[in-house]
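K.L.:
File name coords08.txt; file contents compact mmCIF, C-alpha atoms and all ligand atoms; full text below.
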```txt
# COMPACT_ATOMS: atom_id res chain seq x y z
CA MET X 1 0.22 -10.29 -26.75
CA ASP X 2 1.59 -6.82 -27.10
CA ARG X 3 0.70 -4.93 -23.95
CA THR X 4 2.29 -1.62 -24.80
CA HIS X 5 -0.92 -0.36 -26.35
CA LEU X 6 -2.94 -0.90 -23.22
CA LEU X 7 -2.81 2.70 -22.14
CA SER X 8 -4.60 4.30 -25.03
CA ASP X 9 -5.09 8.01 -25.67
CA GLN X 10 -8.39 8.11 -23.88
CA ASP X 11 -6.86 6.82 -20.69
CA GLU X 12 -5.66 9.94 -19.11
CA ALA X 13 -4.30 10.28 -15.63
CA HIS X 14 -6.71 12.42 -13.67
CA CYS X 15 -4.52 13.03 -10.75
CA GLY X 16 -1.73 15.31 -9.81
CA PRO X 17 -0.89 16.72 -6.42
CA SER X 18 -4.06 18.79 -6.68
CA CYS X 19 -6.27 15.82 -7.49
CA PRO X 20 -9.15 15.66 -5.04
CA ALA X 21 -9.45 12.18 -3.61
CA GLY X 22 -12.27 10.29 -5.20
CA SER X 23 -12.27 12.12 -8.48
CA TYR X 24 -13.15 9.94 -11.38
CA ALA X 25 -13.64 10.90 -14.96
CA GLY X 26 -15.08 8.13 -17.08
CA ASP X 27 -14.84 8.10 -20.83
CA ALA X 28 -18.43 9.14 -21.42
CA ASP X 29 -19.19 12.80 -21.88
CA PRO X 30 -20.86 13.87 -18.65
CA ASN X 31 -23.22 16.13 -20.62
CA THR X 32 -24.83 13.22 -22.37
CA THR X 33 -25.39 11.10 -19.28
CA PRO X 34 -26.72 13.31 -16.50
CA ASN X 35 -27.74 10.98 -13.66
CA ALA X 36 -28.89 8.52 -16.26
CA GLY X 37 -28.91 5.63 -13.78
CA PRO X 38 -26.94 2.57 -14.76
CA THR X 39 -24.38 3.40 -17.43
CA ALA X 40 -24.49 -0.09 -18.92
CA PRO X 41 -27.24 -2.63 -19.59
CA PRO X 42 -28.08 -5.04 -16.73
CA ALA X 43 -25.22 -7.46 -16.05
CA ASP X 44 -27.27 -10.53 -17.00
CA VAL X 45 -27.49 -9.45 -20.65
CA MET X 46 -23.76 -8.87 -20.89
CA PRO X 47 -21.37 -11.50 -22.26
CA VAL X 48 -19.05 -13.37 -19.91
CA VAL X 49 -15.47 -12.21 -20.43
CA PRO X 50 -12.88 -14.81 -19.33
CA GLY X 51 -11.04 -13.50 -16.29
CA TYR X 52 -13.90 -11.05 -15.56
CA GLU X 53 -16.63 -13.49 -14.49
CA ARG X 54 -17.21 -11.62 -11.22
CA LEU X 55 -17.01 -7.86 -11.49
CA GLY X 56 -16.87 -5.66 -8.43
CA PRO X 57 -14.74 -3.82 -5.91
CA ASN X 58 -11.31 -4.87 -4.69
CA VAL X 59 -10.33 -7.55 -7.16
CA ILE X 60 -8.04 -9.85 -5.18
CA PRO X 61 -4.43 -9.62 -6.36
CA PRO X 62 -2.89 -12.94 -7.43
CA ALA X 63 -0.79 -14.67 -4.75
CA ASP X 64 2.46 -14.17 -6.66
CA PHE X 65 2.00 -10.43 -6.18
CA GLY X 66 2.72 -10.84 -2.46
CA ALA X 67 4.51 -8.04 -0.67
CA VAL X 68 8.28 -8.12 -0.47
CA GLN X 69 9.51 -9.50 2.84
CA PRO X 70 11.18 -6.95 5.08
CA GLN X 71 14.94 -7.35 5.17
CA ALA X 72 16.15 -6.17 8.54
CA PRO X 73 14.74 -4.63 11.68
CA SER X 74 14.68 -0.85 11.72
CA ARG X 75 17.17 0.30 14.35
CA ALA X 76 16.67 3.53 16.16
CA PRO X 77 19.48 6.04 16.58
CA GLU X 78 21.28 5.84 19.91
CA ARG X 79 20.85 9.07 21.76
CA ARG X 80 19.43 10.43 25.01
CA PHE X 81 15.99 11.97 24.62
CA ASP X 82 15.12 12.64 28.26
CA ILE X 83 16.98 15.92 28.63
CA PRO X 84 14.93 19.13 29.04
CA ALA X 85 14.04 20.46 25.63
CA ILE X 86 14.52 24.14 26.43
CA THR X 87 16.47 26.52 28.65
CA GLU X 88 14.95 28.74 31.39
CA GLU X 89 15.38 31.77 29.15
CA LEU X 90 13.40 30.18 26.32
CA ALA X 91 10.71 28.97 28.71
CA HIS X 92 10.40 32.46 30.20
CA GLU X 93 10.25 34.13 26.79
CA ALA X 94 7.55 31.71 25.59
CA PHE X 95 5.51 32.35 28.74
CA ILE X 96 5.62 36.15 28.43
CA LYS X 97 4.65 35.92 24.79
CA TYR X 98 1.76 33.62 25.69
CA THR X 99 0.35 35.85 28.46
CA SER X 100 0.57 38.97 26.33
CA SER X 101 -1.45 37.26 23.62
CA ARG X 102 -4.32 36.73 26.07
CA CYS X 103 -6.34 39.84 26.77
CA CYS X 104 -7.54 38.83 30.22
CA TYR X 105 -4.12 37.69 31.50
CA SER X 106 -1.91 40.11 33.35
CA SER X 107 1.73 39.71 32.34
CA LYS X 108 2.85 40.53 35.90
CA PRO X 109 3.24 36.94 37.16
CA ALA X 110 5.07 35.97 33.95
CA ARG X 111 7.50 38.83 34.48
CA GLU X 112 7.99 38.39 38.22
CA MET X 113 7.95 34.60 38.51
CA VAL X 114 10.83 32.59 39.95
CA PHE X 115 11.67 29.22 38.38
CA THR X 116 11.79 26.29 40.76
CA ASP X 117 12.02 23.36 38.33
CA LEU X 118 12.03 22.40 34.64
CA GLN X 119 11.08 18.82 33.89
CA SER X 120 11.42 17.05 30.59
CA LEU X 121 8.25 15.22 29.54
CA ASN X 122 9.40 14.63 25.99
CA THR X 123 7.23 12.17 24.16
CA TYR X 124 7.12 10.48 20.78
CA ARG X 125 4.80 10.40 17.82
CA TYR X 126 4.84 7.27 15.70
CA ARG X 127 3.38 7.17 12.20
CA LEU X 128 3.07 4.27 9.77
CA GLU X 129 1.97 5.00 6.21
CA THR X 130 0.98 2.10 3.99
CA PHE X 131 0.51 3.08 0.37
CA THR X 132 -1.86 0.65 -1.35
CA GLU X 133 -3.31 0.05 -4.77
CA SER X 134 -6.71 -1.59 -5.24
CA ARG X 135 -8.54 -2.44 -8.44
CA THR X 136 -12.24 -2.56 -9.20
CA THR X 137 -13.97 -3.78 -12.35
CA GLU X 138 -17.39 -2.87 -13.74
CA TRP X 139 -19.33 -2.61 -16.98
CA ASP X 140 -19.48 0.84 -18.50
CA SER X 141 -20.82 2.19 -21.78
CA GLU X 142 -20.94 5.08 -24.20
CA PRO X 143 -23.14 5.87 -27.21
CA TYR X 144 -22.19 3.72 -30.20
CA ASN X 145 -21.25 5.77 -33.27
CA GLY X 146 -19.35 3.12 -35.17
CA GLN X 147 -16.26 2.98 -32.94
CA VAL X 148 -13.91 -0.01 -33.18
CA VAL X 149 -15.33 -3.01 -31.32
CA ASP X 150 -12.44 -5.01 -29.86
CA GLY X 151 -14.32 -7.86 -28.17
CA HIS X 152 -12.14 -10.47 -29.88
CA GLY X 153 -8.90 -11.84 -28.48
CA VAL X 154 -8.07 -12.38 -24.85
CA ALA X 155 -8.70 -9.68 -22.27
CA PRO X 156 -5.70 -9.19 -19.93
CA ALA X 157 -6.42 -10.10 -16.29
CA PRO X 158 -7.22 -7.12 -14.02
CA TRP X 159 -3.90 -7.25 -12.16
CA SER X 160 -1.77 -7.88 -15.25
CA ILE X 161 -2.59 -4.53 -16.84
CA PRO X 162 0.43 -2.30 -16.22
CA VAL X 163 -0.48 1.11 -14.83
CA PRO X 164 2.26 3.49 -13.68
CA ILE X 165 1.93 4.82 -10.11
CA PRO X 166 1.29 8.59 -10.32
CA SER X 167 2.95 9.52 -7.03
CA LEU X 168 3.96 7.63 -3.88
CA PHE X 169 1.99 8.27 -0.67
CA GLN X 170 -0.64 10.37 -2.44
CA ASP X 171 -4.28 9.42 -2.89
CA CYS X 172 -5.30 9.17 -6.52
CA LYS X 173 -7.74 7.42 -8.83
CA LYS X 174 -7.66 6.46 -12.46
CA SER X 175 -9.91 4.51 -14.77
CA ILE X 176 -8.89 2.45 -17.77
CA ARG X 177 -10.88 0.65 -20.43
CA VAL X 178 -9.94 -3.03 -20.45
CA PRO X 179 -8.93 -4.07 -23.99
CA HIS X 180 -10.80 -6.91 -25.74
CA THR X 181 -13.98 -6.48 -23.71
CA SER X 182 -16.09 -4.17 -25.89
CA THR X 183 -19.34 -5.23 -27.47
CA VAL X 184 -22.35 -3.44 -28.98
CA LYS X 185 -25.70 -3.72 -27.22
CA GLY X 186 -29.12 -2.14 -27.73
CA CYS X 187 -29.77 0.78 -25.40
CA HIS X 188 -31.57 -0.40 -22.27
CA SER X 189 -32.84 3.09 -21.45
CA CYS X 190 -34.84 3.71 -24.65
CA LEU X 191 -35.31 0.08 -25.82
CA ASN X 192 -33.16 0.81 -28.91
CA LEU X 193 -35.41 3.69 -30.07
CA GLY X 194 -32.94 6.49 -29.50
CA ARG X 195 -35.68 8.59 -27.94
CA SER X 196 -37.33 8.51 -24.56
CA ALA X 197 -40.66 9.87 -23.39
CA CYS X 198 -40.75 13.52 -22.38
CA SER X 199 -41.40 13.57 -18.66
CA ARG X 200 -42.77 17.11 -18.69
CA CYS X 201 -45.70 16.52 -21.05
CA VAL X 202 -45.89 12.74 -20.62
CA ASN X 203 -45.58 12.06 -24.36
CA SER X 204 -48.44 14.41 -25.39
CA GLY X 205 -46.27 17.28 -26.65
CA ARG X 206 -48.54 19.78 -24.89
CA THR X 207 -48.64 21.28 -21.42
CA ARG X 208 -51.10 23.41 -19.50
CA CYS X 209 -51.00 27.12 -20.36
CA GLY X 210 -49.37 29.17 -17.59
CA SER X 211 -51.09 32.48 -18.48
CA CYS X 212 -54.63 31.24 -17.89
CA SER X 213 -53.79 28.25 -15.71
CA GLY X 214 -55.39 26.03 -18.33
CA MET X 215 -58.76 27.85 -18.23
CA GLY X 216 -58.51 29.24 -21.78
CA ARG X 217 -59.68 32.64 -20.47
CA THR X 218 -57.96 35.39 -18.45
CA SER X 219 -61.36 36.86 -17.42
CA PRO X 220 -64.97 35.86 -18.16
CA GLU X 221 -64.90 38.17 -21.19
CA GLN X 222 -61.29 37.75 -22.32
CA ARG X 223 -59.96 34.76 -24.21
CA CYS X 224 -56.32 33.79 -23.41
CA ASN X 225 -53.93 35.05 -26.11
CA MET X 226 -51.18 32.63 -25.23
CA CYS X 227 -53.14 29.44 -25.94
CA HIS X 228 -55.91 30.97 -28.08
CA GLY X 229 -58.47 29.63 -25.65
CA SER X 230 -57.40 26.00 -25.71
CA GLY X 231 -55.80 26.03 -22.23
CA MET X 232 -52.82 24.05 -23.58
CA ILE X 233 -49.54 25.16 -25.17
CA ARG X 234 -46.68 23.37 -26.88
CA CYS X 235 -44.28 21.63 -24.46
CA HIS X 236 -41.03 23.63 -24.03
CA SER X 237 -38.95 20.57 -23.12
CA CYS X 238 -39.54 18.51 -26.26
CA GLY X 239 -40.72 21.24 -28.64
CA GLY X 240 -44.06 19.44 -29.03
CA ALA X 241 -42.56 16.12 -30.14
CA GLY X 242 -43.61 14.25 -26.98
CA SER X 243 -40.20 12.61 -26.76
CA ILE X 244 -36.59 13.67 -26.29
CA THR X 245 -33.24 12.32 -27.44
CA CYS X 246 -32.17 9.47 -25.15
CA THR X 247 -29.34 10.73 -22.95
CA THR X 248 -27.85 7.27 -22.41
CA CYS X 249 -27.19 6.47 -26.08
CA ASN X 250 -27.29 10.06 -27.36
CA GLY X 251 -30.04 9.08 -29.80
CA GLN X 252 -28.10 6.20 -31.36
CA GLY X 253 -30.24 3.38 -29.91
CA LYS X 254 -27.00 1.41 -29.41
CA LEU X 255 -24.27 1.36 -26.81
CA LEU X 256 -20.65 0.36 -26.91
CA CYS X 257 -20.24 -1.62 -23.68
CA PHE X 258 -16.85 -2.40 -22.16
CA ILE X 259 -15.28 -3.31 -18.85
CA THR X 260 -13.66 -0.49 -16.93
CA LEU X 261 -10.83 -1.00 -14.49
CA GLN X 262 -10.73 1.54 -11.71
CA ILE X 263 -7.46 1.87 -9.86
CA THR X 264 -7.37 3.51 -6.45
CA TRP X 265 -4.14 4.53 -4.74
CA LYS X 266 -4.52 5.31 -1.07
CA ASN X 267 -2.18 6.36 1.71
CA ASN X 268 -3.36 4.64 4.89
CA ILE X 269 -2.07 6.22 8.09
CA TYR X 270 -1.61 4.76 11.56
CA LEU X 271 -0.77 7.45 14.10
CA ALA X 272 0.03 7.15 17.78
CA VAL X 273 1.35 9.57 20.39
CA ILE X 274 2.76 8.06 23.55
CA ASP X 275 0.78 9.47 26.48
CA LYS X 276 2.99 9.56 29.55
CA GLY X 277 0.16 10.49 31.89
CA SER X 278 1.81 13.78 32.86
CA GLY X 279 -1.40 15.80 32.89
CA PHE X 280 -0.62 17.36 29.54
CA PRO X 281 -3.54 17.04 27.07
CA VAL X 282 -2.08 14.90 24.28
CA LYS X 283 -4.64 16.13 21.74
CA LEU X 284 -2.89 19.54 21.72
CA LEU X 285 -0.04 17.83 19.89
CA ASP X 286 -2.07 17.25 16.71
CA GLN X 287 -1.19 20.68 15.34
CA ILE X 288 2.45 20.98 16.31
CA THR X 289 5.72 19.91 14.76
CA GLY X 290 8.16 17.45 16.23
CA GLU X 291 11.76 16.60 15.48
CA LYS X 292 12.16 13.63 13.10
CA LEU X 293 14.26 10.93 14.73
CA LEU X 294 13.73 8.11 12.28
CA THR X 295 12.35 7.72 8.78
CA ASP X 296 12.28 4.27 7.30
CA MET X 297 10.88 3.58 3.85
CA ALA X 298 10.65 0.21 2.09
CA PRO X 299 8.19 -1.92 0.11
CA ALA X 300 7.57 -3.61 3.47
CA VAL X 301 8.99 -2.13 6.65
CA TYR X 302 10.06 -4.16 9.64
CA PRO X 303 8.75 -3.04 13.05
CA VAL X 304 11.12 -0.73 14.92
CA VAL X 305 13.23 -2.53 17.53
CA SER X 306 15.57 -1.20 20.20
CA PHE X 307 14.05 2.26 20.48
CA PRO X 308 14.88 3.63 23.98
CA ASP X 309 11.17 3.96 24.78
CA SER X 310 9.85 0.41 24.55
CA SER X 311 6.25 1.53 24.01
CA ILE X 312 7.35 2.82 20.58
CA ASN X 313 8.65 -0.64 19.69
CA ALA X 314 5.34 -2.18 20.76
CA THR X 315 3.32 0.45 18.88
CA SER X 316 5.35 -0.13 15.72
CA ASP X 317 4.89 -3.88 16.01
CA SER X 318 1.11 -3.66 16.30
CA ALA X 319 0.86 -0.99 13.59
CA VAL X 320 2.75 -3.13 11.05
CA LYS X 321 0.65 -6.18 11.95
CA GLU X 322 -2.60 -4.25 11.77
CA HIS X 323 -1.86 -2.81 8.32
CA LEU X 324 -0.76 -6.19 6.98
CA ALA X 325 -3.98 -7.82 8.18
CA GLN X 326 -6.02 -4.95 6.79
CA PHE X 327 -4.49 -4.62 3.33
CA ALA X 328 -2.37 -7.61 2.33
CA THR X 329 -5.23 -9.67 0.87
CA THR X 330 -7.43 -7.08 -0.86
CA CYS X 331 -4.85 -4.59 -2.11
CA ARG X 332 -1.28 -4.46 -3.24
CA ILE X 333 0.97 -2.79 -0.71
CA LEU X 334 3.29 -0.70 -2.85
CA GLN X 335 5.35 1.08 -0.25
CA GLN X 336 5.48 1.68 3.50
CA ARG X 337 7.05 4.47 5.52
CA GLN X 338 7.38 4.77 9.27
CA THR X 339 8.53 7.82 11.15
CA ILE X 340 9.24 8.60 14.79
CA GLU X 341 9.17 12.20 15.96
CA LEU X 342 10.39 13.58 19.24
CA ILE X 343 7.80 15.97 20.65
CA PRO X 344 9.45 18.29 23.14
CA ILE X 345 7.35 19.00 26.23
CA THR X 346 8.73 20.78 29.29
CA ARG X 347 6.82 21.17 32.56
CA VAL X 348 7.81 24.40 34.27
CA HIS X 349 7.28 24.95 38.01
CA TYR X 350 7.46 28.51 39.26
CA VAL X 351 6.62 30.61 42.29
CA TRP X 352 4.71 33.83 42.15
CA ASN X 353 3.11 35.65 45.10
CA GLU X 354 4.31 32.86 47.41
CA LYS X 355 2.41 30.17 45.55
CA THR X 356 3.65 27.44 43.19
CA HIS X 357 2.15 27.10 39.70
CA ILE X 358 2.97 25.15 36.56
CA TYR X 359 2.82 25.58 32.81
CA PHE X 360 3.92 23.50 29.84
CA VAL X 361 6.03 24.51 26.84
CA TYR X 362 5.58 22.12 23.91
CA GLY X 363 6.47 21.56 20.26
CA THR X 364 9.36 23.01 18.30
CA GLU X 365 7.14 26.14 18.10
CA HIS X 366 7.37 26.58 21.93
CA LYS X 367 3.65 26.77 22.50
CA VAL X 368 2.41 27.22 26.06
CA PHE X 369 -0.36 25.46 27.94
CA THR X 370 -1.45 26.32 31.47
CA LYS X 371 -4.50 25.61 33.58
CA ASP X 372 -3.83 27.76 36.62
CA TYR X 373 -2.50 31.12 35.53
CA PRO X 374 -2.65 33.20 38.72
CA ALA X 375 -3.68 36.59 37.31
CA LYS X 376 -6.69 36.69 35.05
CA CYS X 377 -8.66 39.93 35.16
CA CYS X 378 -11.96 38.12 35.04
CA CYS X 379 -11.31 36.61 38.45
CA CYS X 380 -10.06 39.93 39.86
CA SER X 381 -6.78 38.56 41.16
CA ILE X 382 -4.56 41.32 39.82
CA LEU X 383 -2.87 43.09 42.68
ZN ZN H 401 -42.69 17.37 -23.78
ZN ZN H 402 -53.90 30.11 -21.93
ZN ZN H 403 -31.03 5.06 -25.61
```
How does this structure look as structure tokens?
Ligand SMILES: [Zn+2]
Ligand SMILES: [Zn+2]
Ligand SMILES: [Zn+2]
P.N.:
Amino acid sequence: MDRTHLLSDQDEAHCGPSCPAGSYAGDADPNTTPNAGPTAPPADVMPVVPGYERLGPNVIPPADFGAVQPQAPSRAPERRFDIPAITEELAHEAFIKYTSSRCCYSSKPAREMVFTDLQSLNTYRYRLETFTESRTTEWDSEPYNGQVVDGHGVAPAPWSIPVPIPSLFQDCKKSIRVPHTSTVKGCHSCLNLGRSACSRCVNSGRTRCGSCSGMGRTSPEQRCNMCHGSGMIRCHSCGGAGSITCTTCNGQGKLLCFITLQITWKNNIYLAVIDKGSGFPVKLLDQITGEKLLTDMAPAVYPVVSFPDSSINATSDSAVKEHLAQFATTCRILQQRQTIELIPITRVHYVWNEKTHIYFVYGTEHKVFTKDYPAKCCCCSIL
């Protein structure tokens, strides 16, 4: 069978870098099916399409689609990472900048302090991204206006329909009409009539007059001009007809039903920061930048081995195993990427006013964190 036609004109990619995750534009005009409930007749009246006997989320990929086996362990660069990340001058500069940005901190201690020690507490951030594709099948429909019905021939299996990947490591969704699955059915919403009852007037074509609240009179002496005394006026919603055009079939009474394949690309992220128990709040590191030490991208990555900090090796091993267990059976893993970042943290000890205090300088941005700054105006400790 010629498969080059499978991506027809109506199948349009909905996603670019700006695509909000979860966006989905079906083929039906949204104006004709506002919250119309099911978009296709109940499944038990639909024909059985070979290869599509069980529709639903996460169609299991065939076994021969298995992920590529990783080739070689990812080796880390050989280098010393335990040296202090910054000089005394930089640490001092960062501290003065920090205290001057806080209105209740006096900059006096920052200016007069004497360094006693700078300790490197450098840590690492490990990230594993697993980019997956999953496929979901369901019945869908649109009003039938004489379109081509292609329910003859063999429908291609859900995972054999070629769909180009829009962009690696970016969430995206797309929906495609499966060829050779369309069939014409009577509209389940209006029982093939093309019209459905008007809910405002309940089929009568008339509603209570608003001017006289249905009394027919605006005062004991005055007959209502709006309804000429009847208390009822013509229904605005249906123009007095008692029924409206069926929104499901757009008045046609018939639907073109077909199977839709929804493809979801998702970037799944495993993130871990090694907490060295130094008293520094690790959650502060969420917003800062580190220095990339290793980036490893492959259809299937191998856990990092021989990194100087063995907890990174262990983290990588469990991350790779966890993602395999989570995604290998229900999705296709298209690509993986793991990165290790060095997060510089320096603990600074200093003396001011004959007492020892500490602060931390962290991130390539040289942010400062301190718990015991000795001169805050609110505690009246300024000399
Ligand atoms: Zn009405
Ligand atoms: Zn009236
Ligand atoms: Zn209908």
K.L.:
Show me which residues sit within 9 Å of ligand ZN 402 (chain H) when counting all atoms listed in the file, and put them as a PDB file with C-alpha atoms, in the coordinates of the input.
P.N.:
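Ended up saving to selection-v9.pdb:
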```pdb
ATOM      1  CA  ARG X 208     -51.100  23.410 -19.500  1.00  0.00           C
ATOM      2  CA  CYS X 209     -51.000  27.120 -20.360  1.00  0.00           C
ATOM      3  CA  GLY X 210     -49.370  29.170 -17.590  1.00  0.00           C
ATOM      4  CA  SER X 211     -51.090  32.480 -18.480  1.00  0.00           C
ATOM      5  CA  CYS X 212     -54.630  31.240 -17.890  1.00  0.00           C
ATOM      6  CA  SER X 213     -53.790  28.250 -15.710  1.00  0.00           C
ATOM      7  CA  GLY X 214     -55.390  26.030 -18.330  1.00  0.00           C
ATOM      8  CA  MET X 215     -58.760  27.850 -18.230  1.00  0.00           C
ATOM      9  CA  GLY X 216     -58.510  29.240 -21.780  1.00  0.00           C
ATOM     10  CA  ARG X 217     -59.680  32.640 -20.470  1.00  0.00           C
ATOM     11  CA  THR X 218     -57.960  35.390 -18.450  1.00  0.00           C
ATOM     12  CA  ARG X 223     -59.960  34.760 -24.210  1.00  0.00           C
ATOM     13  CA  CYS X 224     -56.320  33.790 -23.410  1.00  0.00           C
ATOM     14  CA  ASN X 225     -53.930  35.050 -26.110  1.00  0.00           C
ATOM     15  CA  MET X 226     -51.180  32.630 -25.230  1.00  0.00           C
ATOM     16  CA  CYS X 227     -53.140  29.440 -25.940  1.00  0.00           C
ATOM     17  CA  HIS X 228     -55.910  30.970 -28.080  1.00  0.00           C
ATOM     18  CA  GLY X 229     -58.470  29.630 -25.650  1.00  0.00           C
ATOM     19  CA  SER X 230     -57.400  26.000 -25.710  1.00  0.00           C
ATOM     20  CA  GLY X 231     -55.800  26.030 -22.230  1.00  0.00           C
ATOM     21  CA  MET X 232     -52.820  24.050 -23.580  1.00  0.00           C
ATOM     22  CA  ILE X 233     -49.540  25.160 -25.170  1.00  0.00           C
TER      23      ILE X 233
END
```
K.L.:
Residues near stretch 334-345 of chain X, anyone? I mean within 6 Å using all atoms listed in the file, not counting same-chain ones fewer than 2 positions away, as a count of residues only.
P.N.:
28
K.L.:
Pick out the residues no farther than 12 Å from ligand ZN 403 (chain H), counting all atoms listed in the file, and list them as a short mmCIF file (atom, residue, chain, number, x, y, z; two decimals) with C-alpha atoms, in the frame of the given file.
P.N.:
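The resulting result_4.cif:
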```cif
data_model
loop_
_atom_site.label_atom_id
_atom_site.label_comp_id
_atom_site.auth_asym_id
_atom_site.auth_seq_id
_atom_site.Cartn_x
_atom_site.Cartn_y
_atom_site.Cartn_z
CA THR X 32 -24.83 13.22 -22.37
CA THR X 33 -25.39 11.10 -19.28
CA ALA X 36 -28.89 8.52 -16.26
CA PRO X 38 -26.94 2.57 -14.76
CA THR X 39 -24.38 3.40 -17.43
CA ALA X 40 -24.49 -0.09 -18.92
CA PRO X 41 -27.24 -2.63 -19.59
CA SER X 141 -20.82 2.19 -21.78
CA GLU X 142 -20.94 5.08 -24.20
CA PRO X 143 -23.14 5.87 -27.21
CA TYR X 144 -22.19 3.72 -30.20
CA LYS X 185 -25.70 -3.72 -27.22
CA GLY X 186 -29.12 -2.14 -27.73
CA CYS X 187 -29.77 0.78 -25.40
CA HIS X 188 -31.57 -0.40 -22.27
CA SER X 189 -32.84 3.09 -21.45
CA CYS X 190 -34.84 3.71 -24.65
CA LEU X 191 -35.31 0.08 -25.82
CA ASN X 192 -33.16 0.81 -28.91
CA LEU X 193 -35.41 3.69 -30.07
CA GLY X 194 -32.94 6.49 -29.50
CA ARG X 195 -35.68 8.59 -27.94
CA SER X 196 -37.33 8.51 -24.56
CA ALA X 197 -40.66 9.87 -23.39
CA SER X 243 -40.20 12.61 -26.76
CA ILE X 244 -36.59 13.67 -26.29
CA THR X 245 -33.24 12.32 -27.44
CA CYS X 246 -32.17 9.47 -25.15
CA THR X 247 -29.34 10.73 -22.95
CA THR X 248 -27.85 7.27 -22.41
CA CYS X 249 -27.19 6.47 -26.08
CA ASN X 250 -27.29 10.06 -27.36
CA GLY X 251 -30.04 9.08 -29.80
CA GLN X 252 -28.10 6.20 -31.36
CA GLY X 253 -30.24 3.38 -29.91
CA LYS X 254 -27.00 1.41 -29.41
CA LEU X 255 -24.27 1.36 -26.81
CA LEU X 256 -20.65 0.36 -26.91
#
```
K.L.:
Hey, which residues come within 6 Å of ligand ZN 401 (chain H) if we count all atoms listed in the file? Could you give them as an MDAnalysis selection string?
P.N.:
chainID X and resid 198 200:201 205 235 237:238 240 242
K.L.:
Using all atoms listed in the file, find each residue of stretch 300-383 of chain X with at least one atom at most 9 Å away from an atom of stretch 275-280 of chain X; report its shortest atom-to-atom pair and that distance in Å (one decimal), sort the rows by chain and rising residue number, and return the result as a Markdown table.
P.N.:
```
| residue | atom | partner | partner_atom | distance |
| --- | --- | --- | --- | --- |
| X:Ile345 | CA | X:Phe280 | CA | 8.8 |
| X:Arg347 | CA | X:Phe280 | CA | 8.9 |
| X:Phe360 | CA | X:Phe280 | CA | 7.6 |
| X:Phe369 | CA | X:Phe280 | CA | 8.3 |
```
K.L.:
Just to confirm, what's the straight-line distance from atom CA of X:Leu55 to atom CA of X:Ile259 in Å (one decimal)?
P.N.:
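Separation between atom CA of X:Leu55 and atom CA of X:Ile259: 8.8 Å.
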